[in-house]
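Asker: So here's protein36.txt (compact mmCIF, C-alpha atoms).
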# COMPACT_ATOMS: atom_id res chain seq x y z
CA MET A 227 155.11 14.52 -29.32
CA THR A 228 155.45 12.30 -26.28
CA GLU A 229 158.86 12.20 -24.56
CA ARG A 230 160.25 8.69 -24.60
CA LYS A 231 161.44 7.43 -21.24
CA HIS A 232 164.58 5.27 -21.10
CA VAL A 233 163.88 2.34 -18.78
CA ILE A 234 166.23 -0.59 -18.23
CA ASN A 235 164.42 -3.83 -18.70
CA MET A 236 165.63 -5.95 -15.77
CA LYS A 237 163.63 -8.90 -17.06
CA HIS A 238 165.93 -9.17 -20.04
CA PRO A 239 168.33 -12.09 -19.31
CA LEU A 240 171.44 -10.25 -20.49
CA MET A 241 170.68 -7.21 -18.33
CA SER A 242 170.01 -9.38 -15.27
CA THR A 243 173.34 -11.15 -15.72
CA PHE A 244 175.13 -7.82 -16.12
CA TRP A 245 173.82 -6.43 -12.83
CA ILE A 246 174.53 -9.67 -10.93
CA VAL A 247 178.14 -9.69 -12.15
CA LEU A 248 178.53 -6.00 -11.27
CA PHE A 249 177.08 -6.65 -7.81
CA TYR A 250 179.52 -9.49 -7.03
CA CYS A 251 182.46 -7.55 -8.43
CA SER A 252 181.67 -4.73 -6.01
CA ILE A 253 181.56 -7.21 -3.12
CA ILE A 254 184.90 -8.77 -4.10
CA SER A 255 186.42 -5.33 -4.50
CA SER A 256 185.19 -4.25 -1.08
CA TYR A 257 186.42 -7.50 0.46
CA SER A 258 189.86 -6.99 -1.05
CA VAL A 259 190.09 -3.49 0.36
CA VAL A 260 188.99 -4.61 3.81
CA GLY A 261 191.23 -7.68 3.72
CA GLY A 262 194.18 -5.64 2.52
CA SER A 263 193.82 -3.06 5.28
CA SER A 264 192.83 -5.28 8.18
CA LYS A 265 196.21 -6.52 9.35
CA CYS A 266 196.24 -6.92 13.09
CA ASP A 267 198.19 -4.38 15.10
CA PHE A 268 199.51 -6.68 17.81
CA PRO A 269 201.28 -4.53 20.42
CA ALA A 270 202.60 -7.57 22.31
CA ILE A 271 203.10 -11.34 22.31
CA TYR A 272 202.59 -13.57 25.32
CA ASN A 273 204.08 -16.99 24.75
CA PHE A 274 203.54 -20.25 26.63
CA GLY A 275 205.50 -23.39 25.89
CA ASP A 276 208.56 -25.59 26.23
CA SER A 277 212.10 -25.54 24.80
CA ASN A 278 210.78 -25.05 21.26
CA SER A 279 209.93 -21.47 22.25
CA ASP A 280 211.96 -20.82 25.44
CA THR A 281 213.93 -17.57 25.05
CA GLY A 282 215.63 -17.71 28.43
CA GLY A 283 213.19 -18.93 31.06
CA LEU A 284 214.84 -22.15 32.13
CA SER A 285 218.34 -20.68 31.90
CA ALA A 286 217.31 -17.81 34.19
CA ALA A 287 216.26 -20.35 36.80
CA PHE A 288 218.92 -23.06 36.36
CA GLY A 289 221.77 -21.56 34.34
CA GLN A 290 222.48 -20.69 30.73
CA PRO A 291 223.16 -23.31 28.08
CA GLY A 292 226.72 -22.47 27.11
CA TYR A 293 228.61 -22.54 23.83
CA PRO A 294 227.85 -23.64 21.15
CA TYR A 295 224.18 -22.84 21.84
CA GLY A 296 223.31 -19.57 20.08
CA GLU A 297 226.48 -19.59 17.98
CA SER A 298 224.78 -18.82 14.65
CA PHE A 299 223.06 -15.62 15.75
CA PHE A 300 223.59 -14.60 19.38
CA PHE A 301 227.27 -15.46 19.87
CA PRO A 302 229.14 -14.54 22.05
CA HIS A 303 226.27 -13.65 24.38
CA PRO A 304 224.21 -16.40 26.06
CA ALA A 305 220.70 -16.30 24.67
CA GLY A 306 218.88 -18.94 26.70
CA ARG A 307 217.71 -20.71 23.54
CA TYR A 308 218.09 -24.42 22.87
CA SER A 309 219.30 -24.03 19.32
CA ASP A 310 222.20 -22.53 17.44
CA GLY A 311 220.14 -19.38 16.92
CA ARG A 312 216.61 -18.10 16.59
CA LEU A 313 213.42 -20.03 17.30
CA ILE A 314 210.06 -19.88 15.54
CA VAL A 315 208.80 -17.46 18.22
CA ASP A 316 211.69 -15.13 17.35
CA PHE A 317 210.65 -15.12 13.70
CA ILE A 318 207.06 -14.46 14.79
CA ALA A 319 208.25 -11.39 16.68
CA GLU A 320 210.29 -10.22 13.68
CA LYS A 321 207.29 -10.58 11.37
CA LEU A 322 205.12 -8.50 13.70
CA ASP A 323 207.86 -5.84 14.03
CA LEU A 324 208.24 -6.53 17.73
CA PRO A 325 211.41 -7.09 19.79
CA TYR A 326 212.42 -10.63 20.71
CA LEU A 327 210.55 -11.76 23.79
CA ASN A 328 212.25 -11.54 27.15
CA ALA A 329 211.63 -14.46 29.46
CA PHE A 330 209.37 -13.64 32.40
CA LEU A 331 211.86 -15.30 34.75
CA ASP A 332 214.79 -13.26 33.41
CA ALA A 333 214.56 -9.91 35.18
CA VAL A 334 218.01 -8.52 34.39
CA GLY A 335 217.91 -6.18 31.41
CA SER A 336 214.39 -7.19 30.37
CA ASN A 337 211.78 -4.94 28.80
CA PHE A 338 208.25 -6.34 28.87
CA THR A 339 206.55 -3.51 26.98
CA HIS A 340 205.92 -5.77 23.99
CA GLY A 341 205.07 -8.93 25.87
CA ALA A 342 206.70 -11.70 27.84
CA ASN A 343 207.69 -15.32 27.39
CA PHE A 344 206.58 -17.82 30.03
CA ALA A 345 207.91 -20.89 28.21
CA THR A 346 210.68 -22.96 29.75
CA ALA A 347 212.60 -25.90 28.35
CA GLY A 348 211.25 -29.20 29.61
CA SER A 349 207.78 -27.80 30.36
CA THR A 350 204.66 -29.93 30.11
CA ILE A 351 200.97 -29.10 30.07
CA ARG A 352 200.25 -31.46 32.93
CA PRO A 353 202.37 -31.08 36.10
CA GLN A 354 204.92 -33.84 36.57
CA ASN A 355 205.99 -35.78 39.66
CA THR A 356 209.67 -35.68 38.68
CA THR A 357 212.28 -32.99 39.24
CA LEU A 358 214.37 -31.48 36.49
CA HIS A 359 217.56 -33.18 37.62
CA GLN A 360 216.16 -36.70 37.66
CA PRO A 361 216.62 -38.95 34.62
CA GLY A 362 213.62 -38.15 32.43
CA GLY A 363 212.77 -35.20 34.66
CA PHE A 364 210.92 -32.14 33.40
CA SER A 365 210.61 -28.45 34.18
CA PRO A 366 208.68 -27.43 37.31
CA PHE A 367 207.13 -24.65 35.22
CA SER A 368 204.22 -26.58 33.72
CA LEU A 369 201.52 -24.74 31.79
CA ASN A 370 199.39 -24.05 34.86
CA VAL A 371 202.42 -22.45 36.57
CA GLN A 372 203.07 -20.39 33.45
CA PHE A 373 199.50 -19.13 33.68
CA TYR A 374 199.93 -18.25 37.37
CA GLN A 375 202.99 -16.25 36.37
CA PHE A 376 201.08 -14.50 33.58
CA ASN A 377 198.19 -13.72 35.92
CA ASP A 378 200.53 -12.19 38.49
CA PHE A 379 202.43 -10.33 35.78
CA GLN A 380 199.24 -8.75 34.45
CA ARG A 381 198.02 -7.77 37.92
CA ARG A 382 201.31 -6.28 39.08
CA THR A 383 201.90 -4.51 35.78
CA GLU A 384 198.78 -2.41 36.31
CA ILE A 385 199.90 -1.54 39.85
CA PHE A 386 203.43 -0.51 38.93
CA ARG A 387 202.56 1.43 35.77
CA LYS A 388 200.48 3.77 37.92
CA LYS A 389 203.68 4.73 39.74
CA GLY A 390 204.99 6.18 36.48
CA GLY A 391 208.64 6.77 35.76
CA ILE A 392 210.70 3.87 34.49
CA TYR A 393 207.81 1.44 34.96
CA LYS A 394 205.96 3.03 32.05
CA THR A 395 208.92 2.33 29.78
CA LEU A 396 209.34 -1.31 30.82
CA LEU A 397 205.79 -2.58 31.29
CA PRO A 398 202.82 -2.93 28.88
CA LYS A 399 199.68 -0.82 28.94
CA ALA A 400 196.59 -2.42 30.48
CA GLU A 401 194.70 -2.30 27.18
CA ASP A 402 197.50 -4.14 25.36
CA PHE A 403 196.63 -7.42 27.05
CA SER A 404 193.38 -7.70 25.10
CA ARG A 405 195.06 -6.68 21.83
CA ALA A 406 198.06 -9.00 22.19
CA LEU A 407 198.74 -12.29 20.42
CA TYR A 408 198.83 -15.34 22.70
CA THR A 409 201.03 -18.10 21.29
CA PHE A 410 201.30 -21.72 22.45
CA ASP A 411 203.85 -24.39 21.57
CA ILE A 412 203.60 -27.11 24.20
CA GLY A 413 202.62 -30.76 24.54
CA GLN A 414 205.61 -32.63 23.14
CA ASN A 415 207.03 -33.27 26.62
CA ASP A 416 203.71 -34.61 27.88
CA LEU A 417 204.15 -37.46 25.42
CA ALA A 418 207.83 -37.89 26.19
CA SER A 419 207.17 -38.04 29.94
CA GLY A 420 205.15 -41.21 29.47
CA TYR A 421 207.90 -42.81 27.44
CA PHE A 422 210.48 -42.02 30.12
CA GLN A 423 208.20 -43.76 32.64
CA ASN A 424 208.21 -46.84 30.38
CA MET A 425 204.52 -46.48 29.56
CA SER A 426 203.13 -48.23 26.53
CA ILE A 427 201.84 -46.34 23.52
CA ASP A 428 198.26 -47.07 24.62
CA GLN A 429 198.94 -45.81 28.13
CA VAL A 430 200.29 -42.54 26.77
CA LYS A 431 197.26 -42.13 24.54
CA ALA A 432 194.97 -42.78 27.50
CA TYR A 433 196.08 -39.69 29.41
CA VAL A 434 196.00 -37.29 26.44
CA PRO A 435 192.36 -36.21 27.12
CA ASP A 436 193.35 -35.17 30.65
CA VAL A 437 196.33 -33.23 29.30
CA LEU A 438 194.11 -31.35 26.87
CA ASP A 439 191.47 -30.64 29.51
CA GLN A 440 194.19 -28.80 31.40
CA PHE A 441 195.25 -27.01 28.21
CA LYS A 442 191.68 -25.80 27.62
CA TYR A 443 191.43 -24.67 31.23
CA VAL A 444 194.45 -22.38 30.82
CA VAL A 445 193.21 -20.92 27.51
CA LYS A 446 189.84 -20.19 29.10
CA ASN A 447 191.51 -18.44 32.01
CA ILE A 448 193.59 -16.27 29.68
CA TYR A 449 190.40 -15.43 27.81
CA ASP A 450 188.80 -14.41 31.11
CA LYS A 451 191.77 -12.10 31.65
CA GLY A 452 191.12 -10.38 28.33
CA GLY A 453 193.04 -12.50 25.81
CA ARG A 454 191.30 -12.70 22.44
CA SER A 455 193.83 -13.77 19.78
CA PHE A 456 195.34 -17.24 20.09
CA TRP A 457 197.94 -18.89 17.82
CA ILE A 458 198.29 -22.56 18.79
CA HIS A 459 200.93 -24.92 17.39
CA ASN A 460 200.33 -28.65 17.44
CA THR A 461 203.17 -30.98 18.39
CA GLY A 462 205.84 -32.09 15.96
CA PRO A 463 206.89 -35.57 14.75
CA VAL A 464 208.63 -36.72 17.94
CA GLY A 465 209.43 -40.05 16.27
CA CYS A 466 211.93 -38.17 14.09
CA LEU A 467 213.96 -36.81 17.03
CA PRO A 468 217.29 -38.58 17.67
CA TYR A 469 216.78 -38.64 21.44
CA ILE A 470 213.51 -40.55 21.03
CA ILE A 471 214.93 -42.90 18.40
CA GLU A 472 218.06 -43.64 20.46
CA LEU A 473 216.47 -44.01 23.88
CA HIS A 474 213.28 -45.80 22.88
CA LYS A 475 214.17 -48.48 20.36
CA VAL A 476 211.51 -49.81 18.02
CA LYS A 477 211.46 -52.83 15.73
CA PRO A 478 213.19 -52.44 12.34
CA GLU A 479 209.85 -52.65 10.51
CA GLU A 480 208.52 -49.76 12.60
CA TYR A 481 210.73 -47.15 10.92
CA ASP A 482 209.33 -45.25 7.96
CA LYS A 483 211.18 -44.31 4.77
CA ALA A 484 212.54 -41.16 6.40
CA GLY A 485 214.00 -43.20 9.26
CA CYS A 486 211.46 -41.97 11.83
CA ALA A 487 209.88 -44.20 14.48
CA ILE A 488 206.31 -44.76 13.31
CA PRO A 489 204.69 -45.62 16.70
CA TYR A 490 205.86 -42.37 18.30
CA ASN A 491 204.71 -40.29 15.36
CA GLU A 492 201.33 -42.01 15.46
CA VAL A 493 200.90 -40.91 19.08
CA ALA A 494 201.87 -37.35 18.11
CA LYS A 495 199.23 -37.39 15.36
CA PHE A 496 196.66 -38.73 17.83
CA PHE A 497 197.53 -35.90 20.23
CA ASN A 498 197.14 -33.39 17.40
CA ARG A 499 193.72 -34.69 16.39
CA GLU A 500 192.57 -34.38 19.98
CA LEU A 501 194.11 -30.91 20.24
CA LYS A 502 192.26 -29.80 17.13
CA SER A 503 188.99 -31.05 18.65
CA ALA A 504 189.82 -29.13 21.83
CA VAL A 505 190.31 -25.97 19.75
CA VAL A 506 186.88 -26.48 18.14
CA GLN A 507 185.35 -26.75 21.62
CA LEU A 508 187.13 -23.59 22.73
CA ARG A 509 185.77 -21.68 19.73
CA GLU A 510 182.24 -22.74 20.68
CA GLU A 511 182.67 -21.56 24.25
CA LEU A 512 184.81 -18.44 23.80
CA HIS A 513 182.65 -16.45 21.39
CA SER A 514 184.91 -13.41 21.09
CA ALA A 515 188.12 -15.36 20.63
CA ALA A 516 190.02 -15.77 17.36
CA ILE A 517 191.77 -19.13 17.69
CA THR A 518 194.17 -20.34 14.99
CA TYR A 519 195.34 -23.96 15.00
CA VAL A 520 198.71 -24.34 13.26
CA ASP A 521 199.77 -27.72 11.88
CA VAL A 522 203.53 -27.58 12.46
CA TYR A 523 203.64 -31.40 12.48
CA SER A 524 203.01 -31.56 8.73
CA VAL A 525 205.56 -28.85 8.02
CA LYS A 526 208.28 -30.38 10.18
CA TYR A 527 207.69 -33.86 8.79
CA SER A 528 207.83 -32.51 5.24
CA LEU A 529 211.14 -30.85 6.03
CA ILE A 530 212.63 -33.97 7.60
CA SER A 531 211.36 -36.49 5.06
CA GLN A 532 212.40 -34.35 2.09
CA ALA A 533 215.43 -32.67 3.58
CA ARG A 534 217.66 -32.67 0.50
CA LYS A 535 214.89 -31.38 -1.70
CA ASN A 536 214.50 -28.53 0.79
CA GLY A 537 218.19 -27.65 0.83
CA PHE A 538 219.38 -29.63 3.87
CA LYS A 539 222.08 -32.31 3.88
CA GLU A 540 221.26 -33.98 7.21
CA HIS A 541 217.73 -34.72 8.39
CA LEU A 542 218.09 -36.96 11.47
CA ARG A 543 221.71 -36.77 12.57
CA ALA A 544 222.27 -33.98 15.10
CA CYS A 545 224.60 -31.13 14.24
CA CYS A 546 225.91 -30.79 17.80
CA GLY A 547 226.59 -33.84 19.94
CA HIS A 548 228.91 -36.74 20.51
CA GLY A 549 229.04 -40.16 18.89
CA GLY A 550 226.65 -42.74 17.58
CA LYS A 551 224.59 -43.02 14.43
CA TYR A 552 222.68 -39.83 15.21
CA ASN A 553 225.52 -37.92 16.92
CA TYR A 554 223.45 -38.04 20.11
CA ASN A 555 224.50 -39.20 23.57
CA ASN A 556 222.25 -38.43 26.52
CA LYS A 557 225.27 -38.47 28.86
CA ILE A 558 227.43 -36.17 26.78
CA GLY A 559 225.24 -33.67 24.98
CA CYS A 560 225.86 -30.61 22.88
CA GLY A 561 228.48 -28.50 24.64
CA GLY A 562 229.53 -31.44 26.81
CA LYS A 563 233.10 -31.54 28.09
CA ALA A 564 235.42 -34.25 29.38
CA LYS A 565 238.83 -34.26 31.06
CA ILE A 566 241.54 -35.61 28.80
CA ASP A 567 245.12 -35.68 30.08
CA GLY A 568 244.08 -33.39 32.90
CA LYS A 569 242.55 -30.82 30.58
CA GLU A 570 238.85 -30.09 30.08
CA ILE A 571 238.07 -30.59 26.41
CA LEU A 572 234.86 -29.80 24.48
CA ILE A 573 233.67 -33.06 22.95
CA GLY A 574 230.02 -32.21 22.31
CA LYS A 575 231.02 -30.18 19.30
CA PRO A 576 228.88 -28.46 16.65
CA CYS A 577 229.05 -29.37 12.98
CA LYS A 578 230.77 -27.03 10.54
CA ASP A 579 227.59 -25.71 8.91
CA PRO A 580 224.36 -25.83 10.96
CA SER A 581 222.50 -24.08 8.13
CA VAL A 582 222.29 -27.34 6.15
CA VAL A 583 221.29 -29.55 9.09
CA VAL A 584 217.73 -29.97 10.38
CA ASN A 585 218.40 -31.15 13.93
CA TRP A 586 220.63 -29.18 16.27
CA ASP A 587 221.28 -31.28 19.38
CA GLY A 588 219.17 -34.41 19.07
CA VAL A 589 216.11 -32.73 20.55
CA HIS A 590 215.73 -29.31 18.93
CA LEU A 591 215.86 -27.86 15.43
CA THR A 592 218.56 -25.60 14.04
CA GLN A 593 217.91 -21.94 13.34
CA ALA A 594 217.79 -22.72 9.61
CA ALA A 595 215.14 -25.39 10.16
CA ASN A 596 213.11 -23.09 12.42
CA LYS A 597 213.21 -20.41 9.73
CA TRP A 598 212.12 -22.91 7.08
CA VAL A 599 209.15 -24.00 9.21
CA PHE A 600 208.17 -20.42 9.99
CA ASP A 601 208.22 -19.45 6.32
CA LYS A 602 205.75 -22.24 5.60
CA ILE A 603 203.27 -21.39 8.36
CA VAL A 604 203.33 -17.59 8.36
CA ASP A 605 200.87 -17.18 5.48
CA GLY A 606 198.23 -19.48 6.96
CA SER A 607 198.77 -22.35 4.52
CA PHE A 608 198.90 -24.84 7.39
CA SER A 609 196.42 -23.11 9.66
CA ASP A 610 192.81 -23.75 10.56
CA PRO A 611 191.23 -21.42 9.67
CA PRO A 612 193.72 -20.51 6.90
CA ILE A 613 194.53 -17.11 8.37
CA PRO A 614 198.04 -15.60 8.08
CA LEU A 615 199.88 -14.59 11.23
CA ASN A 616 199.31 -10.87 10.78
CA MET A 617 195.53 -11.40 10.60
CA ALA A 618 195.22 -13.80 13.52
CA CYS A 619 193.06 -11.33 15.46
CA HIS A 620 190.15 -12.00 13.09
CA LYS A 621 187.64 -14.79 13.72
CA HIS A 622 186.63 -14.75 10.06
CA LEU A 623 188.06 -13.03 7.00
What does the file become when written as structure tokens?
Answerer:
Amino acid sequence: MTERKHVINMKHPLMSTFWIVLFYCSIISSYSVVGGSSKCDFPAIYNFGDSNSDTGGLSAAFGQPGYPYGESFFFPHPAGRYSDGRLIVDFIAEKLDLPYLNAFLDAVGSNFTHGANFATAGSTIRPQNTTLHQPGGFSPFSLNVQFYQFNDFQRRTEIFRKKGGIYKTLLPKAEDFSRALYTFDIGQNDLASGYFQNMSIDQVKAYVPDVLDQFKYVVKNIYDKGGRSFWIHNTGPVGCLPYIIELHKVKPEEYDKAGCAIPYNEVAKFFNRELKSAVVQLREELHSAAITYVDVYSVKYSLISQARKNGFKEHLRACCGHGGKYNYNNKIGCGGKAKIDGKEILIGKPCKDPSVVVNWDGVHLTQAANKWVFDKIVDGSFSDPPIPLNMACHKHL
């Protein structure tokens, strides 16, 4: 009697389908395991930017913003932040289980083991010809200066860590620079600088390519210094900021349904399209870099235009300020004082509940608004590629 051999007939259509399905299931299963266990272990954050992410840089150089800045979280200690509390960069640090970033310029009590913040309020990508104390003046710490500071910080860190002792407890390891997350939130003031010089919309647009050439130059230099993971925010809807609306009037028909100035938002969107193209170019040139472009414009505009739906009562009027339709006065800002009957009185007062107001002081968002924006971007829903924050070290998932 001949033994019968059991052979699977792969030519049978049902059997072929079975093995194909099994094959793809195994791939999906493997992908899930890898994806679930491949969160990035960022040991540090190095941030570059303006007041949207300044955690004490400008205040270390020119003096702390006083009360009521920081009142919702850091009170009674000055925190160097231009908000009532935490910024998006603070929530990024929390999410990555890292301490809040100390400003590079703030030496007293700082620990740079987990990174450093080079952002300063009023910073631009392109160096300006104005000083901070001039009307429409901006920070002297433009992005190229922030890079010089980072470069020197990295070089001197390696020198001082070799000395041992306290330096090892306050400064990062050399290998952490390549494993760190490099975050950028800058560009808004480059647009504003043109407006303060009475440039037309077209004139502002004309210099955007030069601004972004300088941005790319800095990113390339950080890459050459070992940086590999980049998290880049685009600029927000500047036409929705009270200080832009008040200082740069537009025609009544140029306001949208949310009350924002359309021409200024159109320039911001133009800048963002060009920035996204710049990121694509950087990816082509920096082969080992993981570069995430984050569309904070869309998130911020959604918050402002649908404020009540999102739990906020005020979307354009500033929480802290003095007078006018938007509670904004460029001569008497948040925390501003005046002498009345021989006594110095606080007249740039905060509102009773900043947690239900989007704008803090006419220029910056409240802590509540920053948290709302962060919660929308952290999972990658508004990122290109759609990678969540804790996987931003991966080029592809």
Asker: With distances taken over only C-alpha atoms, which residue among A:Asp450, A:Ala564, A:Asn585, A:Ile427 lies nearest Glu511 (chain A)?
Answerer: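 Closest to Glu511 (chain A), using only C-alpha atoms: A:Asp450.
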Asker: Just checking: using all atoms listed in the file, which residue out of A:Tyr449, A:Thr350, A:Ala594, A:Leu396 ends up closest to Ser419 (chain A)?
Answerer: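 Residue with the minimum atom-to-atom distance to Ser419 (chain A): A:Thr350.
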Asker: Could you name the residues that touch His548 (chain A) at 8 Å or less, counting all atoms listed in the file, but leaving out those on the same chain fewer than 4 positions away, as JSON, numbers by chain?
Answerer: {"A": [553, 554, 555, 558, 559, 560, 573, 574, 575]}
Asker: Rounded to one decimal, what separation in Å do you get between CA of Tyr326 (chain A) and CA of Ser277 (chain A)?
Answerer: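 Atom-to-atom, CA of Tyr326 (chain A) to CA of Ser277 (chain A), that is 15.5 Å.
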Asker: Do you know which residues are at most 9 Å from Pro614 (chain A) counting all atoms listed in the file, after dropping those on the same chain fewer than 3 positions away, and could you put them as a ChimeraX atom specification?
Answerer: /A:603-607,609,617-618
Asker: Filtering to C-alpha atoms, could you give me those residues as a tab-separated table (two decimals), keeping the file's coordinate frame?
Answerer:
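Result saved to result20.tsv:
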chain	number	residue	atom	x	y	z
A	603	ILE	CA	203.27	-21.39	8.36
A	604	VAL	CA	203.33	-17.59	8.36
A	605	ASP	CA	200.87	-17.18	5.48
A	606	GLY	CA	198.23	-19.48	6.96
A	607	SER	CA	198.77	-22.35	4.52
A	609	SER	CA	196.42	-23.11	9.66
A	617	MET	CA	195.53	-11.40	10.60
A	618	ALA	CA	195.22	-13.80	13.52
Asker: Write out as a ChimeraX atom specification the residues lying within 9 Å of Asn415 (chain A), counting all atoms listed in the file and excluding same-chain residues fewer than 5 positions away.
Answerer: /A:276,348-351,364,420
Asker: Expressed in Å to a single decimal, how great is the separation between CA of Ile488 (chain A) and CA of Val476 (chain A)?
Answerer: 8.6 Å
Asker: Fewer than 4 positions away in the same chain doesn't count, so skip those; otherwise give me all residues within 9 Å of Thr395 (chain A), counting all atoms listed in the file, as a count of residues only.
Answerer: 6
Asker: Can you measure CA of Cys546 (chain A) to CA of Pro325 (chain A) for me? One decimal in Å is fine.
Answerer: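 Separating CA of Cys546 (chain A) from CA of Pro325 (chain A) is a distance of 27.9 Å.
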Asker: Taking 6 positions as the minimum chain separation for residues in the same chain, which residues sit within 10 Å of Tyr421 (chain A) when counting all atoms listed in the file? Answer as JSON, numbers by chain.
Answerer: {"A": [362, 415, 427, 429, 430, 470, 473, 474, 490]}
Asker: Given the choices A:Lys265, A:Arg307, A:His459, A:His513, which gets closest to Asp587 (chain A) if the distance is worked out from all atoms listed in the file?
Answerer: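 Among the listed residues, A:Arg307 lies closest to Asp587 (chain A).
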Asker: Point out the residue among A:Ala319, A:Thr357, A:Lys621, A:Pro269 with the least atom-to-atom distance to Phe600 (chain A), counting all atoms listed in the file.
Answerer: A:Ala319
Asker: Restricting the calculation to all atoms listed in the file, which member of A:Lys578, A:Leu407, A:Lys394, A:Val464 is positioned closest to Cys266 (chain A)?
Answerer: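 Smallest distance to Cys266 (chain A) is found for A:Leu407.
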Asker: Kindly indicate which residue among A:Asn278, A:Asn424, A:Ser264, A:Thr383 lies nearest to Gln593 (chain A), using only C-alpha atoms for the distances.
Answerer: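 Looking only at the distances to Gln593 (chain A), the closest residue turns out to be A:Asn278.
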Asker: For a quick check of your reading of the model, name the residues lying within 9 Å of the coordinate (205.1, -18.7, 38.6), counting only C-alpha atoms, and write them as a list in words.
Answerer: Leu331, Phe344, Phe367, Asn370, Val371, Gln372, Phe373, Tyr374, Gln375, Phe376, Asn377 and Asp378 of chain A
Asker: Just C-alpha atoms for this one: save the residues we selected as a compact mmCIF listing (two decimals), keeping the file's coordinate frame.
Answerer:
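Writing done, so here's result-v1.txt:
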# COMPACT_ATOMS: atom_id res chain seq x y z
CA LEU A 331 211.86 -15.30 34.75
CA PHE A 344 206.58 -17.82 30.03
CA PHE A 367 207.13 -24.65 35.22
CA ASN A 370 199.39 -24.05 34.86
CA VAL A 371 202.42 -22.45 36.57
CA GLN A 372 203.07 -20.39 33.45
CA PHE A 373 199.50 -19.13 33.68
CA TYR A 374 199.93 -18.25 37.37
CA GLN A 375 202.99 -16.25 36.37
CA PHE A 376 201.08 -14.50 33.58
CA ASN A 377 198.19 -13.72 35.92
CA ASP A 378 200.53 -12.19 38.49
Asker: Can you tell me, as a PyMOL selection string, which residues sit within 12 Å of (218.9, -22.5, 23.6) in the file's frame, using all atoms listed in the file?
Answerer: chain A and resi 276-286+289-301+303-313+346-348+560-561+586-587+589-593
